[in-house]
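Asks: Got target_37.txt for you, compact mmCIF, C-alpha atoms:
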```
# COMPACT_ATOMS: atom_id res chain seq x y z
CA MET A 28 103.34 96.01 102.37
CA SER A 29 100.52 97.69 100.50
CA HIS A 30 100.64 101.10 98.92
CA SER A 31 97.81 103.43 99.80
CA ALA A 32 95.90 105.00 96.94
CA GLY A 33 97.65 108.23 96.08
CA GLY A 34 99.91 107.77 99.10
CA GLN A 35 97.33 109.38 101.33
CA GLY A 36 95.67 106.51 103.25
CA GLN A 37 91.96 106.39 104.00
CA PRO A 38 90.35 109.69 105.08
CA LEU A 39 88.67 109.59 108.47
CA VAL A 40 87.10 113.02 108.18
CA ALA A 41 85.95 114.65 104.97
CA THR A 42 84.58 117.96 106.23
CA GLN A 43 85.55 120.41 108.95
CA SER A 44 82.91 120.89 111.62
CA GLU A 45 83.47 123.29 114.49
CA ALA A 46 84.07 120.32 116.77
CA ALA A 47 86.70 118.98 114.36
CA LEU A 48 88.34 122.40 114.13
CA SER A 49 88.59 122.62 117.89
CA GLU A 50 89.99 119.10 118.14
CA HIS A 51 92.56 119.74 115.42
CA ALA A 52 93.69 123.04 116.94
CA GLN A 53 94.01 121.49 120.39
CA PHE A 54 96.09 118.65 118.99
CA LEU A 55 98.37 120.96 116.99
CA ALA A 56 98.95 123.13 120.07
CA GLY A 57 100.30 120.11 121.93
CA ILE A 58 103.05 119.11 119.52
CA PRO A 59 106.52 120.72 119.45
CA LEU A 60 106.30 121.76 115.79
CA PHE A 61 103.39 124.17 116.43
CA ALA A 62 103.54 124.68 120.21
CA THR A 63 104.72 128.31 119.95
CA LEU A 64 101.85 129.43 117.69
CA ASP A 65 99.01 131.53 119.05
CA ALA A 66 95.32 130.66 118.96
CA ASP A 67 94.60 132.43 115.65
CA GLU A 68 97.54 130.76 113.91
CA LEU A 69 96.49 127.37 115.22
CA HIS A 70 92.92 127.97 114.08
CA ASP A 71 94.08 128.78 110.54
CA LEU A 72 96.15 125.60 110.43
CA ALA A 73 93.30 123.54 111.82
CA MET A 74 91.10 124.84 108.98
CA VAL A 75 93.30 123.06 106.43
CA THR A 76 94.13 119.93 108.46
CA ARG A 77 92.63 116.54 107.66
CA ARG A 78 92.99 113.15 109.33
CA HIS A 79 94.17 109.98 107.60
CA ALA A 80 94.73 106.45 108.86
CA PHE A 81 97.27 103.85 107.75
CA HIS A 82 97.35 100.13 108.42
CA GLN A 83 100.39 98.45 109.94
CA GLY A 84 102.89 97.81 107.14
CA GLU A 85 101.22 100.26 104.77
CA ILE A 86 103.53 102.41 102.69
CA ILE A 87 102.69 106.08 103.23
CA PHE A 88 104.93 107.23 100.41
CA HIS A 89 107.91 106.00 98.42
CA ARG A 90 111.11 107.88 97.71
CA ASP A 91 110.63 110.00 94.54
CA ASP A 92 106.85 110.10 94.96
CA PRO A 93 105.39 113.60 94.51
CA GLY A 94 105.83 115.50 97.76
CA THR A 95 102.70 117.46 98.66
CA THR A 96 101.79 116.60 102.26
CA LEU A 97 103.03 117.08 105.83
CA PHE A 98 102.01 114.35 108.28
CA VAL A 99 101.72 114.73 112.06
CA ILE A 100 101.26 111.50 113.97
CA LYS A 101 98.34 111.29 116.40
CA ILE A 102 98.61 107.57 117.17
CA GLY A 103 101.14 104.98 115.99
CA ARG A 104 104.68 104.95 114.65
CA VAL A 105 106.25 105.58 111.24
CA ARG A 106 109.66 104.55 109.95
CA ILE A 107 111.50 106.77 107.45
CA TYR A 108 113.99 104.81 105.37
CA LEU A 109 116.10 104.54 102.25
CA SER A 110 116.41 101.34 100.23
CA SER A 111 118.98 100.17 97.70
CA PRO A 112 118.13 98.50 94.36
CA GLU A 113 119.09 95.21 96.06
CA GLY A 114 116.45 95.77 98.75
CA GLN A 115 118.76 96.69 101.62
CA GLU A 116 117.19 99.31 103.87
CA VAL A 117 118.65 101.97 106.12
CA ALA A 118 116.28 103.55 108.65
CA LEU A 119 116.74 107.30 108.95
CA ALA A 120 114.26 107.81 111.78
CA VAL A 121 111.31 106.35 113.66
CA PHE A 122 108.60 108.85 114.56
CA GLY A 123 105.83 108.45 117.12
CA ALA A 124 102.82 110.32 118.47
CA GLY A 125 103.21 114.10 118.34
CA GLU A 126 106.01 114.05 115.78
CA ALA A 127 105.88 115.27 112.18
CA PHE A 128 107.40 114.05 108.94
CA GLY A 129 107.30 115.04 105.29
CA GLU A 130 107.95 118.71 106.07
CA LEU A 131 110.32 119.22 103.13
CA ALA A 132 107.37 118.74 100.80
CA LEU A 133 105.70 121.85 102.20
CA LEU A 134 108.73 124.02 101.48
CA ASP A 135 109.95 122.92 98.04
CA GLY A 136 107.29 120.66 96.53
CA GLN A 137 110.02 118.32 95.25
CA PRO A 138 109.74 114.52 95.16
CA ARG A 139 110.14 112.62 98.42
CA SER A 140 113.76 112.18 99.51
CA ALA A 141 112.99 108.96 101.44
CA SER A 142 110.22 106.42 101.96
CA ALA A 143 107.81 106.13 104.89
CA VAL A 144 105.95 103.11 106.26
CA ALA A 145 103.53 102.72 109.17
CA ILE A 146 105.09 100.14 111.50
CA GLU A 147 101.88 99.87 113.53
CA PRO A 148 98.30 101.11 113.02
CA THR A 149 98.71 104.86 112.65
CA GLU A 150 96.48 107.93 112.55
CA THR A 151 97.87 111.19 111.21
CA TYR A 152 96.88 114.80 110.75
CA CYS A 153 97.79 116.01 107.26
CA ILE A 154 98.38 119.41 105.68
CA GLN A 155 98.63 119.84 101.91
CA ARG A 156 101.35 122.10 100.49
CA ALA A 157 98.97 124.48 98.70
CA ASP A 158 96.96 124.96 101.90
CA PHE A 159 100.12 125.44 103.98
CA ILE A 160 101.46 128.11 101.61
CA ALA A 161 98.15 129.98 101.72
CA VAL A 162 98.15 129.96 105.54
CA ALA A 163 101.88 130.75 105.87
CA THR A 164 101.47 133.75 103.55
CA ARG A 165 99.03 135.23 106.07
CA ARG A 166 100.86 133.87 109.11
CA PRO A 167 104.63 134.07 108.45
CA ARG A 168 105.53 132.76 111.93
CA ILE A 169 104.23 129.38 110.80
CA ALA A 170 106.77 129.31 107.97
CA LEU A 171 109.57 130.31 110.34
CA GLN A 172 108.63 127.49 112.71
CA MET A 173 108.74 125.04 109.82
CA LEU A 174 112.18 126.27 108.76
CA ALA A 175 113.45 125.72 112.29
CA THR A 176 112.20 122.13 112.14
CA VAL A 177 113.89 121.50 108.80
CA SER A 178 117.14 122.94 110.19
CA HIS A 179 116.96 120.53 113.12
CA ARG A 180 116.41 117.58 110.80
CA LEU A 181 119.41 118.57 108.66
CA ARG A 182 121.60 118.71 111.75
CA SER A 183 120.38 115.24 112.72
CA THR A 184 121.28 113.95 109.25
CA ASP A 185 124.77 115.47 109.58
CA ALA A 186 125.17 113.69 112.90
CA MET A 187 124.11 110.38 111.34
CA VAL A 188 126.69 110.76 108.54
CA GLU A 189 129.34 111.60 111.12
CA ASP A 190 128.50 108.42 113.06
CA LEU A 191 128.85 106.32 109.92
CA LEU A 192 132.24 107.87 109.22
CA PHE A 193 133.78 107.82 112.69
CA LEU A 194 132.05 105.16 114.82
CA ASP A 195 132.41 101.41 114.50
CA VAL A 196 129.35 99.15 114.70
CA HIS A 197 129.71 98.77 118.49
CA GLY A 198 129.72 102.55 118.87
CA ARG A 199 126.78 103.10 116.54
CA VAL A 200 124.64 100.46 118.24
CA ALA A 201 125.48 101.83 121.69
CA LYS A 202 124.68 105.39 120.64
CA LYS A 203 121.40 104.39 118.99
CA LEU A 204 120.29 102.43 122.08
CA LEU A 205 121.01 105.44 124.28
CA GLU A 206 119.10 107.73 121.90
CA LEU A 207 116.12 105.37 121.85
CA ALA A 208 116.23 105.07 125.64
CA GLU A 209 116.05 108.86 125.88
CA SER A 210 113.29 109.34 123.30
CA ASN A 211 111.21 106.19 123.92
CA GLY A 212 112.36 104.97 127.31
CA VAL A 213 110.48 104.11 130.49
CA ARG A 214 112.40 103.79 133.74
CA THR A 215 112.03 100.41 135.46
CA PRO A 216 113.80 98.77 138.43
CA GLU A 217 116.09 96.98 135.94
CA GLY A 218 116.96 100.08 133.91
CA ILE A 219 115.42 102.06 131.05
CA ARG A 220 113.14 99.97 128.86
CA ILE A 221 112.84 101.11 125.25
CA GLU A 222 109.13 101.07 124.43
CA LEU A 223 109.66 99.93 120.86
CA LYS A 224 109.56 96.34 119.65
CA LEU A 225 112.83 96.13 117.74
CA THR A 226 114.21 93.24 115.75
CA GLN A 227 117.94 93.04 115.06
CA SER A 228 117.09 93.85 111.45
CA ASP A 229 115.36 97.04 112.63
CA LEU A 230 118.38 98.03 114.69
CA ALA A 231 120.75 97.16 111.85
CA ALA A 232 118.79 99.42 109.48
CA MET A 233 118.94 102.26 112.01
CA VAL A 234 122.73 102.14 112.35
CA GLY A 235 123.63 101.32 108.75
CA ALA A 236 125.11 97.88 109.45
CA SER A 237 124.39 94.27 108.57
CA ARG A 238 122.09 92.19 110.76
CA GLU A 239 124.97 89.79 111.38
CA SER A 240 127.19 92.59 112.70
CA VAL A 241 124.45 93.89 114.98
CA ASN A 242 123.77 90.36 116.20
CA LYS A 243 127.39 90.10 117.35
CA VAL A 244 127.21 93.47 119.12
CA MET A 245 123.94 92.61 120.87
CA SER A 246 125.32 89.23 121.96
CA TYR A 247 128.27 91.05 123.54
CA LEU A 248 126.03 93.62 125.26
CA LEU A 249 123.75 90.89 126.57
CA ASP A 250 126.70 88.84 127.81
CA LYS A 251 128.10 91.85 129.67
CA GLN A 252 124.61 92.67 130.98
CA TYR A 253 124.69 96.15 129.51
CA VAL A 254 121.22 95.41 128.16
CA SER A 255 118.50 92.80 128.43
CA VAL A 256 115.82 91.80 125.92
CA GLU A 257 112.31 90.57 126.63
CA LYS A 258 109.54 90.27 124.05
CA ARG A 259 111.62 92.28 121.55
CA LYS A 260 111.88 95.22 123.99
CA ILE A 261 115.40 96.23 124.99
CA THR A 262 116.19 97.46 128.50
CA VAL A 263 119.38 99.48 128.96
CA MET A 264 120.74 98.33 132.32
CA ARG A 265 124.18 99.99 132.50
CA LEU A 266 123.97 103.47 131.01
CA THR A 267 127.46 104.60 132.02
CA GLU A 268 129.17 101.54 130.59
CA LEU A 269 127.14 101.75 127.39
CA ARG A 270 128.18 105.37 126.90
CA LYS A 271 131.83 104.28 127.07
CA ARG A 272 131.23 102.06 124.06
CA ILE A 273 130.66 105.15 121.88
CA CYS A 274 134.19 105.47 120.56
```
Let's see the structure in the file written out as structure tokens.

Replies:
Amino acid sequence: MSHSAGGQGQPLVATQSEAALSEHAQFLAGIPLFATLDADELHDLAMVTRRHAFHQGEIIFHRDDPGTTLFVIKIGRVRIYLSSPEGQEVALAVFGAGEAFGELALLDGQPRSASAVAIEPTETYCIQRADFIAVATRRPRIALQMLATVSHRLRSTDAMVEDLLFLDVHGRVAKKLLELAESNGVRTPEGIRIELKLTQSDLAAMVGASRESVNKVMSYLLDKQYVSVEKRKITVMRLTELRKRIC
């Protein structure tokens, strides 16, 4: 994995033309984070938005790096994770097109609380903290929308901690597969195919377990035909039975 210079990737656009402004505003209007904003608010945000690209495997930022930028994904996927001094990683989230990450940096300017890596070629729209504060001062609804997003993320973190405390590995894997089927699933004749190429190491990082433990769970689920795997894509075949494993 390579670290981008300054943690910002390679700029695709250096100046804001009217065409770029229109494109940025249209994109921002289509994502949940900014979907409730009106045309003037979107225009002001578009004025301070820039595009950056990251290669597959490129580190976007490390934990404890200075936090100054919000990223919104246009194309690609990004994994947010924590790592131990021994190199063990726990994935906190995987974000795809239309999703945002790094929002805490806009609110408090503190160092990054986790690391982020592009897990496939990724293009993002970026907003710097100083620019965001200037716009939010004039457009307070933008700040309120950001606070709502942070609140949602905190609730998700609480849920993850609860899973670690109260669910065994079978339950955590089953719950994560159902969540991924809902957020990244495509219905097929066989079931719901998760449109992410996941290794057992990826899944283990997502549920806070060892790869060996997840391997045992997946072998069981495959044997019982709860799921199938083809070309690293998992298809959930028996939703009802899988839900019963969350205990």

Asks: In terms of the shortest atom-to-atom distance over only C-alpha atoms, which of A:Ser228, A:Asp65, A:Gly198, A:His70 is closest to Glu268 (chain A)?

Replies: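 Residue with the minimum atom-to-atom distance to Glu268 (chain A): A:Gly198.
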
Asks: Which distance in Å separates CA of Leu60 (chain A) and CA of Leu119 (chain A), to one decimal?

Replies: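 Going from CA of Leu60 (chain A) over to CA of Leu119 (chain A) covers 19.1 Å.
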
Asks: Name the closest residue to Thr267 (chain A) among the candidates A:Cys153, A:Leu205, A:Leu194, A:Ile221; distances are taken between atoms, counting only C-alpha atoms.

Replies: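 Using only C-alpha atoms, the shortest distance to Thr267 (chain A) belongs to A:Leu205.
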
Asks: Would you work out the distance separating CA of Met74 (chain A) from CA of Gln53 (chain A), expressed in Å to one decimal?

Replies: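 One can read the CA of Met74 (chain A) to CA of Gln53 (chain A) distance as 12.2 Å.
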
Asks: Find the residue from A:Glu45, A:Glu217, A:Asp158, A:Glu113 that sits nearest to Leu134 (chain A); use all atoms listed in the file when measuring.

Replies: A:Asp158

Asks: Pull the neighbourhood of (104.0, 107.0, 116.1) for me: all residues within 10 Å in file coordinates, counting all atoms listed in the file, as a PyMOL selection string.

Replies: chain A and resi 99-106+121-127+145-151

Asks: Between A:Ile86, A:Leu64, A:Val200, A:Leu181, which one has atoms that come closest to Ser246 (chain A), using only C-alpha atoms?

Replies: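 Smallest separation from Ser246 (chain A) among the options: A:Val200.
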
Asks: If I take CA of Ala120 (chain A) and CA of Ala80 (chain A), how far is one from the other in Å, to one decimal?

Replies: 19.8 Å

Asks: With distances taken over all atoms listed in the file, which residue among A:Thr176, A:Thr262, A:Tyr253, A:Arg270 lies nearest Lys202 (chain A)?

Replies: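 Once distances to Lys202 (chain A) are computed over all atoms listed in the file, the minimum belongs to A:Arg270.
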
Asks: What's the 9 Å shell around Val177 (chain A), counting only C-alpha atoms, without same-chain residues fewer than 5 positions away, as a list in words?

Replies: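 Close residues of Val177 (chain A): Glu130, Leu131, Gln172 and Arg182 of chain A.
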
Asks: Measuring atom to atom with all atoms listed in the file, identify which of A:Leu109, A:Val188, A:Val244, A:Leu69 is nearest to Gly57 (chain A).

Replies: A:Leu69

Asks: Show me as a PyMOL selection string the residues that reach within 12 Å of (100.7, 124.9, 92.2), counting only C-alpha atoms and using the file's own coordinates.

Replies: chain A and resi 95+133+135-137+155-161

Asks: Find the residues around Val196 (chain A) up to 12 Å (all atoms listed in the file counted), leave out those fewer than 2 positions away in its own chain, and share them as a CSV table (one decimal) with C-alpha atoms, in the coordinates of the input.

Replies:
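Output file result-v9.csv is given in full below:
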```
chain,number,residue,atom,x,y,z
A,190,ASP,CA,128.5,108.4,113.1
A,191,LEU,CA,128.8,106.3,109.9
A,192,LEU,CA,132.2,107.9,109.2
A,193,PHE,CA,133.8,107.8,112.7
A,194,LEU,CA,132.0,105.2,114.8
A,198,GLY,CA,129.7,102.6,118.9
A,199,ARG,CA,126.8,103.1,116.5
A,200,VAL,CA,124.6,100.5,118.2
A,201,ALA,CA,125.5,101.8,121.7
A,202,LYS,CA,124.7,105.4,120.6
A,203,LYS,CA,121.4,104.4,119.0
A,230,LEU,CA,118.4,98.0,114.7
A,231,ALA,CA,120.8,97.2,111.8
A,232,ALA,CA,118.8,99.4,109.5
A,233,MET,CA,118.9,102.3,112.0
A,234,VAL,CA,122.7,102.1,112.4
A,235,GLY,CA,123.6,101.3,108.8
A,236,ALA,CA,125.1,97.9,109.4
A,237,SER,CA,124.4,94.3,108.6
A,238,ARG,CA,122.1,92.2,110.8
A,239,GLU,CA,125.0,89.8,111.4
A,240,SER,CA,127.2,92.6,112.7
A,241,VAL,CA,124.4,93.9,115.0
A,242,ASN,CA,123.8,90.4,116.2
A,243,LYS,CA,127.4,90.1,117.4
A,244,VAL,CA,127.2,93.5,119.1
A,245,MET,CA,123.9,92.6,120.9
A,272,ARG,CA,131.2,102.1,124.1
A,273,ILE,CA,130.7,105.2,121.9
A,274,CYS,CA,134.2,105.5,120.6
```
